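Taking it in order: structure first as structure tokens, then the write-up.
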Amino acid sequence: MKKIILRTGIIASAVALVACLNAPKMPEKWEEYIVGRGDTLCEISMSIVPEKKDYREAEYWITKKNNIERANIYPGQTILVPVYE
């Protein structure tokens, strides 16, 4: 029984380690963006990411960097958006 618990713990630790190593890293470059009338985080994210990159990752980082809850943004607000090269 102890061997099963030990193996389960080792497997769980390995899975957690792999997840941490594969976690996306916060972008290093940011620029200011002034929110316009009708802008949404989704649209802003889609407009700044390269074609083959998932815009949802950019949306996630924008909300984290700017402490935005529930995608609430408003016209005239200045937010930081990641710069993708």
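Going by the structure tokens order, chains are called A, B, ..., each with residues numbered from 1, while ligands are numbered from 1 in the order shown.
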Checklist entry - Near region 41-51 of chain A, within 9 Å and counting only C-alpha atoms, which residues show up once chain neighbours fewer than 2 positions away are dropped, as a list of chain:residue names? => result A:Val35, A:Asp39, A:Lys53, A:Asp54, A:Tyr55, A:Arg56, A:Glu57, A:Ala58, A:Glu59, A:Ile62, A:Thr63, A:Ala71, A:Asn72, A:Ile73, A:Val81, A:Pro82, A:Val83, A:Tyr84, A:Glu85
Checklist entry - What does the distance between CA of Thr40 (chain A) and CA of Leu80 (chain A) come to in Å, to one decimal place? => result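 A separation of 13.9 Å between them.
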